[in-house]
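Below: the structure, in structure tokens.
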Number of protein chains: 2
Amino acid sequence: MDAGKIKVRPAIDLAQALFSPRSVALVGASGDEAKNTARPQRYLAKYGYAGKIFPVNATRPSILGLRAYKNLQEIKAKTDHAFIMVGDVEQALEDCGEAGVPVATVFTDGFADAGTEGQARQARLVARARALGVRLLGPNSMGMINLAGRCPITVNAVLAMDILPAGATSIVSQSGTLLGTVLSRGAARGLGFAKLVSVGNEADIGVGEIVEMLAADPDTQTILLFLETVRDAATLERAARAAHAAGKPVVAYKLGRSALGQRLARSHTGALAGEDAALDAYFRDCGIVRVDMLETLIEIGPLLAGRRPPDLARAPRVGVVTTTGGGAASVVDRLGTHGIEAASPDGQSPIIDLTMGKKAATYGAVVQELLAFTGCDAVLAVVGSSAQFDPQHAVEPIVKAHSSTRPGAKPLAVFMTPQADQSLALLAQAGIAAFRTPEACADALHAYFSWRTPRQVPGGAAIPWPKELPLKGKLNEEQGLHLFKTLGVPVVETAIARAPDYAHPLPYPVALKILSAEVTHKSEMGGVVLGITSRRDFESKAKSLAKKGEPLLVQRMAQGLAEAIVGYRDDPVVGPLVMVGAGGIFAELYNDVVIRLAPVGEAEALEMIGQVKGFEVLRGYRGRPPGDLAALARSVAALSRLALIKGRPVREAEANPVMVGATGAVAVDALVLLDEQVRER
Amino acid sequence: MDAGKIKVRPAIDLAQALFSPRSVALVGASGDEAKNTARPQRYLAKYGYAGKIFPVNATRPSILGLRAYKNLQEIKAKTDHAFIMVGDVEQALEDCGEAGVPVATVFTDGFADAGTEGQARQARLVARARALGVRLLGPNSMGMINLAGRCPITVNAVLAMDILPAGATSIVSQSGTLLGTVLSRGAARGLGFAKLVSVGNEADIGVGEIVEMLAADPDTQTILLFLETVRDAATLERAARAAHAAGKPVVAYKLGRSALGQRLARSHTGALAGEDAALDAYFRDCGIVRVDMLETLIEIGPLLAGRRPPDLARAPRVGVVTTTGGGAASVVDRLGTHGIEAASPDGQSPIIDLTMGKKAATYGAVVQELLAFTGCDAVLAVVGSSAQFDPQHAVEPIVKAHSSTRPGAKPLAVFMTPQADQSLALLAQAGIAAFRTPEACADALHAYFSWRTPRQVPGGAAIPWPKELPLKGKLNEEQGLHLFKTLGVPVVETAIARAPDYAHPLPYPVALKILSAEVTHKSEMGGVVLGITSRRDFESKAKSLAKKGEPLLVQRMAQGLAEAIVGYRDDPVVGPLVMVGAGGIFAELYNDVVIRLAPVGEAEALEMIGQVKGFEVLRGYRGRPPGDLAALARSVAALSRLALIKGRPVREAEANPVMVGATGAVAVDALVLLDEQVRER
């Protein structure tokens with residue numbers, strides 16, 4: 001057999017075997033109820049699983065009332081899904097192969113989660129699974145829970161709770177514990193879920209492939225992701241696009257916002273967490289909604305279900321009705337920090353503050369009015385103490401108003417200030433997004449408004465590598481500028497001046513630089529002389545710079561209104577990225593840059609530029625002359641085409657500075673690292 | 001009687017009458033249980049209030065089984081506290097005065113909460129109350145709840161819940177609804193409270209005065225504030241210092257972080273919300289802990305109770321133990337964004353990740369080890385699904401470990417990933433801070449570490465206003481620089497040059513500026529010429545600048561390594577503030593400034609400077625020469641002494657730029673607005 005090839009089975013088969021198998025083998029099932037390994041069989045029975053259950057245990061004739069099998073081969077009926085809980089995963093896998101089991105979920109850990117040796121063990125396991133034609137979920141997976149299909153294949157203790165309600169939201173998690181978090185917290189407030197998958201180490205089936213299956217799953221309307229890392233960005237992007245096409249929002253909560261979190265994720269998952277700003281760009285460009293808070297992930301479902309990305313071109317506006325001024329302010333204040341505005345039909349006070357004394361009809365009428373009000377993009381309803389004791393005052397009118405509007409209309413978010421579990425459940429039942437905290441409520445509305453349609457990738461055939469340039473190491477500045485120029489980035493007029501007389505054709509003033517690929521911070525090393533105005537001055541400067549008579553780089557002095565920096569990086573986690581920022585040390589100190597997946601078109605580049613604060617100085621700030629930001633956008637788009645070069649040899653590139661003038665923008669410096677070079681670092 | 005004087009009663013009397021009256025009159029009490037106005041009497045009875053209740057209702061002989069009085073005078077016994085629910089508050093107040101009632105809580109609204117007319121009505125009410133010697137809580141107050149003392153004097157519907165548990169945390173709120181939020185959410189997880197006060201419009205008794213009473217209250221160990229504005233910063237500061245002296249932490253959640261929130265607070269309370277950065281400085285300098293999230297306010301109590309501000313000089317470190325990697329990461333990642341580090345005794349992985357299988361002793365032993373570990377400043381314990389079903393695995397060991405450490409030791413915070421109400425209650429009972437969300441948990445730890453001892457106000461007698469300067473309007477630049485100089489701010493050498501020959505004593509190069517108090521942005525208006533190197537050049541520039549032969553300001557050209565901006569503002573909400581930031585337009589764009597209450601000493605000024613990112617360029621950034629930040633600190637401290645000038649005539653002042661050199665720092669421009677001028681804007 002060929003160990004490198006995957007025996008492809010159609011996706012629909014995989015989804016069925018994974019989520020709705022006709023039969024499940026529990027390899028390592030125990031009859032001792034105190035053990036984890038007894039749980040899957042108990043849970044399947046508890047949920048009334050309609051298929052066949054085959055406990056596999058070499059030492060017992062029966063487990064919890066069912067006949068037990070010595071191994072998978074002994075089962076004569078067809079087994080769709082094996083749940084492996086034994087230490088000898090390798091033997092169990094061989095048995096799966098022999099018995100023709102198409103999917104195995106591996107609960108056992110000790111693979112990529114356990115250092116270098118574990119990683120090697122995992123690589124061998126995957127290779128063997130591919131050879132045998134067995135697809136793997138895990139290892140180190142807590143399993144899969146299909147609530148609507150009454151098929152929990154898991155050791156997750158959360159199923160000890162009363163039967164959990166089914167809903168239309170599914171979740172894919174890199175943390176098994178989190179499934180319990182979502183289910184238990186959801187159940188406490190009437191939120192149900194469809195399918196929950198713990199992907200473990202993602203040795204074979206990863207987050208992206210599961211999202212693809214969920215995009216095609218009729219029981220799933222919204223897809224949630226709990227991520228510590230992204231292991232296969234391309235597949236997840238494809239899946240997110242499929243979900244978008246199917247009208248199913250995908251929402252991500254991802255750890256690793258801080259360097260500490262990234263370090264932790266790495267030690268915990270054995271994978272790079274990825275730079276947070278890059279992930280942000282990735283999610284946005286894939287049309288994935290990113291939430292900031294864990295509870296938002298649990299609560300946001302109904303706010304998004306059935307909706308499309310709003311893609312607003314102006315500041316979003318929320319219509320607000322409340323029975324408590326302080327309660328509403330706690331959400332609205334936070335919305336304000338995200339640049340979201342409040343709008344009311346009377347145009348006077350930003351919110352509609354009802355008092356408790358008014359009759360029930362009033363609250364509902366205002367909600368209805370706001371849902372119809374064209375001046376706002378979403379409605380926020382805040383309820384005070386009546387949510388706890390008197391749902392008829394405000395909560396029930398909200399439900400009524402919502403039910404009388406057409407589905408998919410303006411999103412409605414409800415925040416209730418007191419402990420109000422019954423009202424939360426009432427709203428959940430009605431499919432209305434309800435929030436326990438003002439912060440999660442604001443986070444959800446902010447996430448909704450930030451939601452974008454998956455980006456249009458600019459077309460363009462693969463670009464060949466200029467044959468005159470080396471394909472190894474680091475390009476020197478002239479080579480780098482040459483590469484940029486071939487992509488369409490305007491660069492400053494440049495010449496090479498050689499010993500002994502250092503003649504060059506450029507008019508003065510000029511700049512003079514040593515031409516070494518080794519010195520990245522040339523100016524700090526004294527390798528740059530700016531503003532040389534005469535031939536005489538030039539010669540003396542050239543001689544003192546080129547101590548060994550080496551060739552020098554001469555450039556016309558470029559004038560600009562301000563400096564920009566344009567960068568490119570082939571990120572190990574999310575792939576090619578393009579970056580634009582204000583130039584100079586202050587922009588560096590304040591990290592004032594905007595990142596997107598590369599390549600980008602000019603319109604997108606212009607949008608990026610619009611988000612760079614430092615470019616205020618080019619937008620007429622305090623009477624300054626405006627700069628040619630359209631030209632800068634063209635350069636950003638052109639440089640981002642590095643992503644289209646055949647084989648993607650460029651690991652990192654930077655035009656710094658790009659001088660932005662009243663007309664035009666030119667790159668005056670180039671740094672290009674090729675793949676190999678960076679790998680060495 | 002003199003309407004302007006307060007009849008002072010000793011504070012202890014006020015506290016007793018307010019919180020623990022021997023008798024309460026309910027003015028406007030109703031016998032109709034559906035009405036708000038029936039609630040106070042029902043709640044007092046429900047809680048077993050031990051004092052006397054006097055319902056006052058002109059139309060009924062009895063209310064809910066108690067004899068009703070036509071008015072307060074009819075009550076022959078002494079009334080300690082009147083709760084006024086009638087429209088004619090003015091008459092009720094007169095009756096209080098006549099009957100010698102020392103405190104009246106006014107539930108009725110329609111005062112400062114209701115526009116200009118209401119404000120005038122409130123001013124008349126307060127004046128009359130002062131004349132009568134009656135202290136007022138409210139108007140527009142939901143009342144006061146003394147749980148430990150079984151004395152709820154309130155219409156707040158939250159008391160319809162089962163008897164609420166008493167605890168050692170008190171809360172003062174500008175939102176009445178919020179008391180219900182805190183009580184109901186607290187009760188659901190076993191958190192009790194001591195005294196809860198809705199201050200309403202704070203016409204007389206304000207937040208500060210209540211905090212002073214709570215600082216002296218034996219039932220209160222921690223004081224929480226829910227604020228939309230600060231109406232009397234000086235009193236609250238005094239109260240916060242008293243609470244600090246009594247070892248009682250004060251925690252604030254304040255709305256108005258965004259401009260939208262500030263606008264809302266203004267429309268909702270009729271008062272300025274105050275600029276958020278100024279409030280931040282104020283809270284910090286008063287020793288008040290500020291939390292970012294509403295739930296943190298409810299949950300943080302046990303984390304702070306009995307502790308002092310940590311006043312750490314380095315990055316804080318947290319020791320972390322968990323049974324779920326993803327759960328711990330959700331808190332730790334967020335701590336990382338606040339610059340908080342994770343530290344473990346083995347120095348290897350940042351956190352201690354236990355697996356569920358281990359025996360109960362392990363979790364407790366690790367918690368104990370971390371509580372004793374000198375390498376961390378706080379302990380974070382994260383618990384996964386066992387918190388829901390098997391508290392004996394981790395939650396009970398946490399309680400045990402905590403109880404065996406001395407009180408007041410290292411703070412311990414617990415985050416549990418599942419819905420785990422019983423475990424939350426178990427921890428609450430043990431006085432351990434437990435958090436429902438990773439975000440509130442991280443927010444609480446961050447707030448704890450940001451907690452500072454109330455600032456030492458630098459001593460110094462009142463400074464007289466220099467008699468040679470006008471006391472009205474705006475100072476011109478020479479006058480401004482003169483004022484700065486008298487305070488001890490080094491300023492650039494300056495002279496006045498007059499027509500016809502514009503002679504001056506300064507060596508070249510010099511700068512030349514028009515000398516008008518009216519032009520604040522002189523350079524943008526073409527009123528500044530820099531770098532004049534000769535007498536001849538000077539004369540021609542002077543003549544073209546001074547079109548009508550007016551005097552001009554001449555200054556030596558000051559060189560520096562970087563520019564700074566030092567500012568002062570007498571804020572209408574929190575009083576005098578001093579600000580330092582990096583100079584230049586980028587620092588302005590990025591709002592890279594640090595604010596503190598003024599005056600500050602040099603050490604504090606240096607600490608402020610340390611937090612300005614842009615000053616990296618003066619701290620040896622990329623090989624640049626270091627600047628004299630100590631000299632800048634002296635200038636900041638000196639300028640902040642504007643707060644000590646008799647009568648505080650300066651409303652705003654700015655030295656911009658201050659040129660910071662390798663040695664020394666000099667102010668080269670001065671802008672000074674006196675009080676009246678700013679009022680006109």
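Identifiers in the structure tokens: chain A, B, ... in order shown; residue index from 1 per chain; ligand index from 1 in order shown.
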Restrict the calculation to only C-alpha atoms, then for each residue of chain B with any atom at most 7 Å from an atom of chain A give the closest atom pair and their distance in Å to one decimal, rows by chain and rising residue number, as a tab-separated table.
residue	atom	partner	partner_atom	distance
B:Ala157	CA	A:Ser385	CA	6.7
B:Val158	CA	A:Ser385	CA	6.9
B:Ser175	CA	A:Gly326	CA	5.5
B:Thr177	CA	A:Gly384	CA	6.4
B:Gly180	CA	A:Pro418	CA	6.2
B:Thr181	CA	A:Pro418	CA	4.2
B:Ser184	CA	A:Gln419	CA	5.4
B:Arg185	CA	A:Gln419	CA	4.9
B:Leu255	CA	A:Ser330	CA	6.4
B:Gly256	CA	A:Asp333	CA	6.0
B:Arg257	CA	A:Asp333	CA	6.3
B:Ser258	CA	A:Thr337	CA	5.0
B:Ala259	CA	A:Gly336	CA	6.7
B:Leu260	CA	A:Gly336	CA	5.2
B:Gly261	CA	A:Asp333	CA	3.9
B:Leu264	CA	A:Ala329	CA	6.7
B:His268	CA	A:Gly325	CA	6.7
B:Met293	CA	A:Glu439	CA	6.8
B:Thr324	CA	A:Thr177	CA	6.5
B:Gly325	CA	A:His268	CA	6.7
B:Gly326	CA	A:Ser175	CA	5.6
B:Ala329	CA	A:Gly261	CA	6.3
B:Ser330	CA	A:Leu255	CA	6.4
B:Val332	CA	A:Gly261	CA	6.3
B:Asp333	CA	A:Gly261	CA	3.9
B:Arg334	CA	A:Ser258	CA	6.9
B:Gly336	CA	A:Ser258	CA	5.2
B:Thr337	CA	A:Ser258	CA	5.0
B:Gly384	CA	A:Thr177	CA	6.4
B:Ser385	CA	A:Gly180	CA	6.6
B:Thr417	CA	A:Thr181	CA	5.5
B:Pro418	CA	A:Thr181	CA	4.2
B:Gln419	CA	A:Arg185	CA	4.9
B:Glu439	CA	A:Met293	CA	6.8
B:Phe586	CA	A:Phe586	CA	6.7
B:Leu589	CA	A:Gly614	CA	6.9
B:Lys613	CA	A:Leu589	CA	6.9
B:Gly614	CA	A:Phe586	CA	6.6
Would you list the contacts of Val251 of chain B as a PyMOL selection string, taking every protein, DNA or RNA residue within 8 Å and counting only C-alpha atoms, but skipping same-chain residues closer than 2 positions in sequence? chain B and resi 222-225+249+253+288-291+297
For the selection just defined, write its residues with C-alpha atoms to a file, as a tab-separated table (two decimals), in the first residue's frame.
chain	number	residue	atom	x	y	z
B	222	THR	CA	-15.29	46.70	51.07
B	223	ILE	CA	-17.00	49.63	49.36
B	224	LEU	CA	-18.24	49.47	45.76
B	225	LEU	CA	-19.25	52.46	43.67
B	249	PRO	CA	-10.84	48.94	49.66
B	253	TYR	CA	-17.18	51.09	38.02
B	288	ILE	CA	-9.75	53.81	44.38
B	289	VAL	CA	-9.62	50.55	42.41
B	290	ARG	CA	-11.25	50.98	39.02
B	291	VAL	CA	-12.81	47.99	37.28
B	297	LEU	CA	-17.68	45.06	40.48
Strand (DSSP E) positions in segment 458-538 of chain B, given as a PyMOL selection string: chain B and resi 474-475+494-497+510-514+528-532
Expected file contents, prior selection, N, CA and C atoms, as a PDB file, in the first residue's frame:
ATOM      1  N   LYS B 474      -6.456  85.844  28.922  1.00  0.00           N
ATOM      2  CA  LYS B 474      -5.422  84.945  28.466  1.00  0.00           C
ATOM      3  C   LYS B 474      -4.102  85.692  28.592  1.00  0.00           C
ATOM      4  N   LEU B 475      -3.067  85.041  29.098  1.00  0.00           N
ATOM      5  CA  LEU B 475      -1.762  85.703  29.152  1.00  0.00           C
ATOM      6  C   LEU B 475      -1.115  85.627  27.771  1.00  0.00           C
ATOM      7  N   THR B 494      14.285  84.902  26.690  1.00  0.00           N
ATOM      8  CA  THR B 494      13.267  85.618  25.932  1.00  0.00           C
ATOM      9  C   THR B 494      13.448  87.119  26.121  1.00  0.00           C
ATOM     10  N   ALA B 495      13.166  87.878  25.074  1.00  0.00           N
ATOM     11  CA  ALA B 495      13.213  89.339  25.198  1.00  0.00           C
ATOM     12  C   ALA B 495      12.100  89.933  24.352  1.00  0.00           C
ATOM     13  N   ILE B 496      11.746  91.170  24.668  1.00  0.00           N
ATOM     14  CA  ILE B 496      10.768  91.883  23.846  1.00  0.00           C
ATOM     15  C   ILE B 496      11.552  92.850  22.951  1.00  0.00           C
ATOM     16  N   ALA B 497      11.269  92.805  21.666  1.00  0.00           N
ATOM     17  CA  ALA B 497      11.900  93.756  20.727  1.00  0.00           C
ATOM     18  C   ALA B 497      10.830  94.736  20.260  1.00  0.00           C
ATOM     19  N   VAL B 510      18.075  83.179  16.642  1.00  0.00           N
ATOM     20  CA  VAL B 510      16.901  83.434  17.472  1.00  0.00           C
ATOM     21  C   VAL B 510      15.630  83.067  16.712  1.00  0.00           C
ATOM     22  N   ALA B 511      14.545  83.002  17.486  1.00  0.00           N
ATOM     23  CA  ALA B 511      13.215  82.850  16.896  1.00  0.00           C
ATOM     24  C   ALA B 511      12.457  84.136  17.167  1.00  0.00           C
ATOM     25  N   LEU B 512      11.535  84.439  16.292  1.00  0.00           N
ATOM     26  CA  LEU B 512      10.788  85.678  16.388  1.00  0.00           C
ATOM     27  C   LEU B 512       9.303  85.325  16.320  1.00  0.00           C
ATOM     28  N   LYS B 513       8.522  85.896  17.252  1.00  0.00           N
ATOM     29  CA  LYS B 513       7.092  85.561  17.283  1.00  0.00           C
ATOM     30  C   LYS B 513       6.272  86.812  17.505  1.00  0.00           C
ATOM     31  N   ILE B 514       5.089  86.876  16.917  1.00  0.00           N
ATOM     32  CA  ILE B 514       4.214  87.988  17.251  1.00  0.00           C
ATOM     33  C   ILE B 514       3.716  87.758  18.671  1.00  0.00           C
ATOM     34  N   VAL B 528       5.273  83.068  13.310  1.00  0.00           N
ATOM     35  CA  VAL B 528       6.527  82.619  13.910  1.00  0.00           C
ATOM     36  C   VAL B 528       7.594  82.473  12.824  1.00  0.00           C
ATOM     37  N   VAL B 529       8.791  82.999  13.095  1.00  0.00           N
ATOM     38  CA  VAL B 529       9.926  82.754  12.205  1.00  0.00           C
ATOM     39  C   VAL B 529      11.034  82.130  13.048  1.00  0.00           C
ATOM     40  N   LEU B 530      11.508  80.976  12.609  1.00  0.00           N
ATOM     41  CA  LEU B 530      12.522  80.262  13.378  1.00  0.00           C
ATOM     42  C   LEU B 530      13.899  80.427  12.746  1.00  0.00           C
ATOM     43  N   GLY B 531      14.936  80.219  13.542  1.00  0.00           N
ATOM     44  CA  GLY B 531      16.293  80.093  13.020  1.00  0.00           C
ATOM     45  C   GLY B 531      16.837  81.338  12.325  1.00  0.00           C
ATOM     46  N   ILE B 532      16.588  82.504  12.860  1.00  0.00           N
ATOM     47  CA  ILE B 532      17.165  83.732  12.291  1.00  0.00           C
ATOM     48  C   ILE B 532      18.608  83.835  12.794  1.00  0.00           C
TER      49      ILE B 532
END
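Distances from B:Ala378, B:Leu164, B:Ala15, B:Leu606 to Tyr47 of chain B were compared using only C-alpha atoms, and the smallest one belongs to B:Leu164.
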What parts of segment 58-219 of chain B does DSSP call helix (DSSP H, G or I)? I'd like the answer as number ranges by chain. B: 72-74, 89-99, 112-132, 157-160, 176-187, 207-215
I'd like the neighbourhood of Val155 of chain A as JSON, numbers by chain, where a residue qualifies if any of its atoms comes within 8 Å (using only C-alpha atoms), though same-chain residues fewer than 2 positions away should be ignored. {"A": [36, 37, 39, 40, 142, 143, 153, 157]}
Any idea what's packed within 9 Å of Ala58 of chain A, counting only C-alpha atoms, ignoring anything in its chain fewer than 4 positions away? Could you give it as a PyMOL selection string? chain A and resi 28+68-71
Any chance you could export the current selection's N, CA and C atoms as an mmCIF file, in the first residue's frame?
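Here's the written file result-v3.cif:
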data_model
loop_
_atom_site.group_PDB
_atom_site.id
_atom_site.type_symbol
_atom_site.label_atom_id
_atom_site.label_comp_id
_atom_site.auth_asym_id
_atom_site.auth_seq_id
_atom_site.Cartn_x
_atom_site.Cartn_y
_atom_site.Cartn_z
ATOM 1 N N GLY A 28 -12.182 0.026 24.231
ATOM 2 C CA GLY A 28 -11.681 0.308 25.570
ATOM 3 C C GLY A 28 -12.810 0.680 26.514
ATOM 4 N N ALA A 68 -19.891 -7.571 24.717
ATOM 5 C CA ALA A 68 -18.622 -6.911 24.407
ATOM 6 C C ALA A 68 -17.839 -7.763 23.413
ATOM 7 N N TYR A 69 -17.029 -7.084 22.595
ATOM 8 C CA TYR A 69 -16.217 -7.768 21.581
ATOM 9 C C TYR A 69 -14.753 -7.671 21.954
ATOM 10 N N LYS A 70 -14.014 -8.720 21.580
ATOM 11 C CA LYS A 70 -12.581 -8.739 21.897
ATOM 12 C C LYS A 70 -11.840 -7.689 21.080
ATOM 13 N N ASN A 71 -12.294 -7.507 19.862
ATOM 14 C CA ASN A 71 -11.685 -6.501 19.006
ATOM 15 C C ASN A 71 -12.657 -6.120 17.898
#
Write out as JSON, numbers by chain which residues come within 9 Å of Pro102 of chain B when counting only C-alpha atoms, dropping same-chain ones fewer than 4 positions away. {"B": [9, 13, 14, 17, 18, 79, 80, 81, 82, 96, 97, 133, 134, 135, 136]}
Could you save the residues just selected, with N, CA, C and O atoms, as an mmCIF file, in the first residue's frame?
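Saved to result.cif:
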data_model
loop_
_atom_site.group_PDB
_atom_site.id
_atom_site.type_symbol
_atom_site.label_atom_id
_atom_site.label_comp_id
_atom_site.auth_asym_id
_atom_site.auth_seq_id
_atom_site.Cartn_x
_atom_site.Cartn_y
_atom_site.Cartn_z
ATOM 1 N N ARG B 9 -24.996 68.320 61.994
ATOM 2 C CA ARG B 9 -25.177 67.322 63.033
ATOM 3 C C ARG B 9 -23.977 66.396 62.953
ATOM 4 O O ARG B 9 -23.422 66.191 61.886
ATOM 5 N N ASP B 13 -24.556 60.578 64.017
ATOM 6 C CA ASP B 13 -25.998 60.727 64.056
ATOM 7 C C ASP B 13 -26.603 60.497 62.677
ATOM 8 O O ASP B 13 -27.603 59.812 62.529
ATOM 9 N N LEU B 14 -25.981 61.118 61.699
ATOM 10 C CA LEU B 14 -26.487 60.997 60.339
ATOM 11 C C LEU B 14 -26.465 59.538 59.907
ATOM 12 O O LEU B 14 -27.437 59.016 59.360
ATOM 13 N N ALA B 17 -29.233 57.614 61.606
ATOM 14 C CA ALA B 17 -30.557 57.966 61.102
ATOM 15 C C ALA B 17 -30.755 57.434 59.682
ATOM 16 O O ALA B 17 -31.844 57.032 59.293
ATOM 17 N N LEU B 18 -29.674 57.431 58.919
ATOM 18 C CA LEU B 18 -29.767 56.995 57.531
ATOM 19 C C LEU B 18 -29.863 55.470 57.429
ATOM 20 O O LEU B 18 -30.726 54.935 56.745
ATOM 21 N N THR B 79 -39.281 60.593 64.877
ATOM 22 C CA THR B 79 -39.036 59.912 63.602
ATOM 23 C C THR B 79 -37.590 60.173 63.170
ATOM 24 O O THR B 79 -37.182 61.317 63.008
ATOM 25 N N ASP B 80 -36.815 59.101 62.975
ATOM 26 C CA ASP B 80 -35.395 59.255 62.605
ATOM 27 C C ASP B 80 -35.209 59.458 61.107
ATOM 28 O O ASP B 80 -34.231 60.067 60.673
ATOM 29 N N HIS B 81 -36.113 58.898 60.312
ATOM 30 C CA HIS B 81 -35.869 58.836 58.864
ATOM 31 C C HIS B 81 -37.224 58.869 58.158
ATOM 32 O O HIS B 81 -38.119 58.097 58.485
ATOM 33 N N ALA B 82 -37.367 59.791 57.233
ATOM 34 C CA ALA B 82 -38.608 59.829 56.456
ATOM 35 C C ALA B 82 -38.308 59.414 55.023
ATOM 36 O O ALA B 82 -37.304 59.837 54.437
ATOM 37 N N CYS B 96 -41.114 67.546 57.734
ATOM 38 C CA CYS B 96 -39.920 66.943 58.362
ATOM 39 C C CYS B 96 -39.257 67.953 59.286
ATOM 40 O O CYS B 96 -38.865 67.639 60.420
ATOM 41 N N GLY B 97 -39.143 69.178 58.770
ATOM 42 C CA GLY B 97 -38.503 70.223 59.565
ATOM 43 C C GLY B 97 -39.274 70.455 60.848
ATOM 44 O O GLY B 97 -38.683 70.497 61.948
ATOM 45 N N GLY B 133 -32.592 72.215 58.615
ATOM 46 C CA GLY B 133 -31.725 71.246 59.300
ATOM 47 C C GLY B 133 -32.073 69.806 58.974
ATOM 48 O O GLY B 133 -31.813 68.898 59.753
ATOM 49 N N VAL B 134 -32.653 69.573 57.805
ATOM 50 C CA VAL B 134 -32.976 68.203 57.385
ATOM 51 C C VAL B 134 -31.973 67.787 56.311
ATOM 52 O O VAL B 134 -31.775 68.512 55.335
ATOM 53 N N ARG B 135 -31.328 66.648 56.519
ATOM 54 C CA ARG B 135 -30.432 66.147 55.481
ATOM 55 C C ARG B 135 -31.237 65.319 54.471
ATOM 56 O O ARG B 135 -32.174 64.622 54.849
ATOM 57 N N LEU B 136 -30.840 65.431 53.187
ATOM 58 C CA LEU B 136 -31.589 64.775 52.116
ATOM 59 C C LEU B 136 -30.771 63.701 51.418
ATOM 60 O O LEU B 136 -29.621 63.938 51.052
#
Distance query Glu299 of chain B at most 8 Å, only C-alpha atoms, self and fewer than 2 positions along chain excluded, as a PyMOL selection string: chain B and resi 295-297+301-302+433-435
Do you know which residues are at most 12 Å from segment 673-677 of chain B counting only C-alpha atoms, after dropping those on the same chain fewer than 3 positions away, and could you put them as number ranges by chain? B: 465, 469-477, 479-480, 483, 517-518, 520, 567-572, 642, 645, 647-654, 670, 680-681
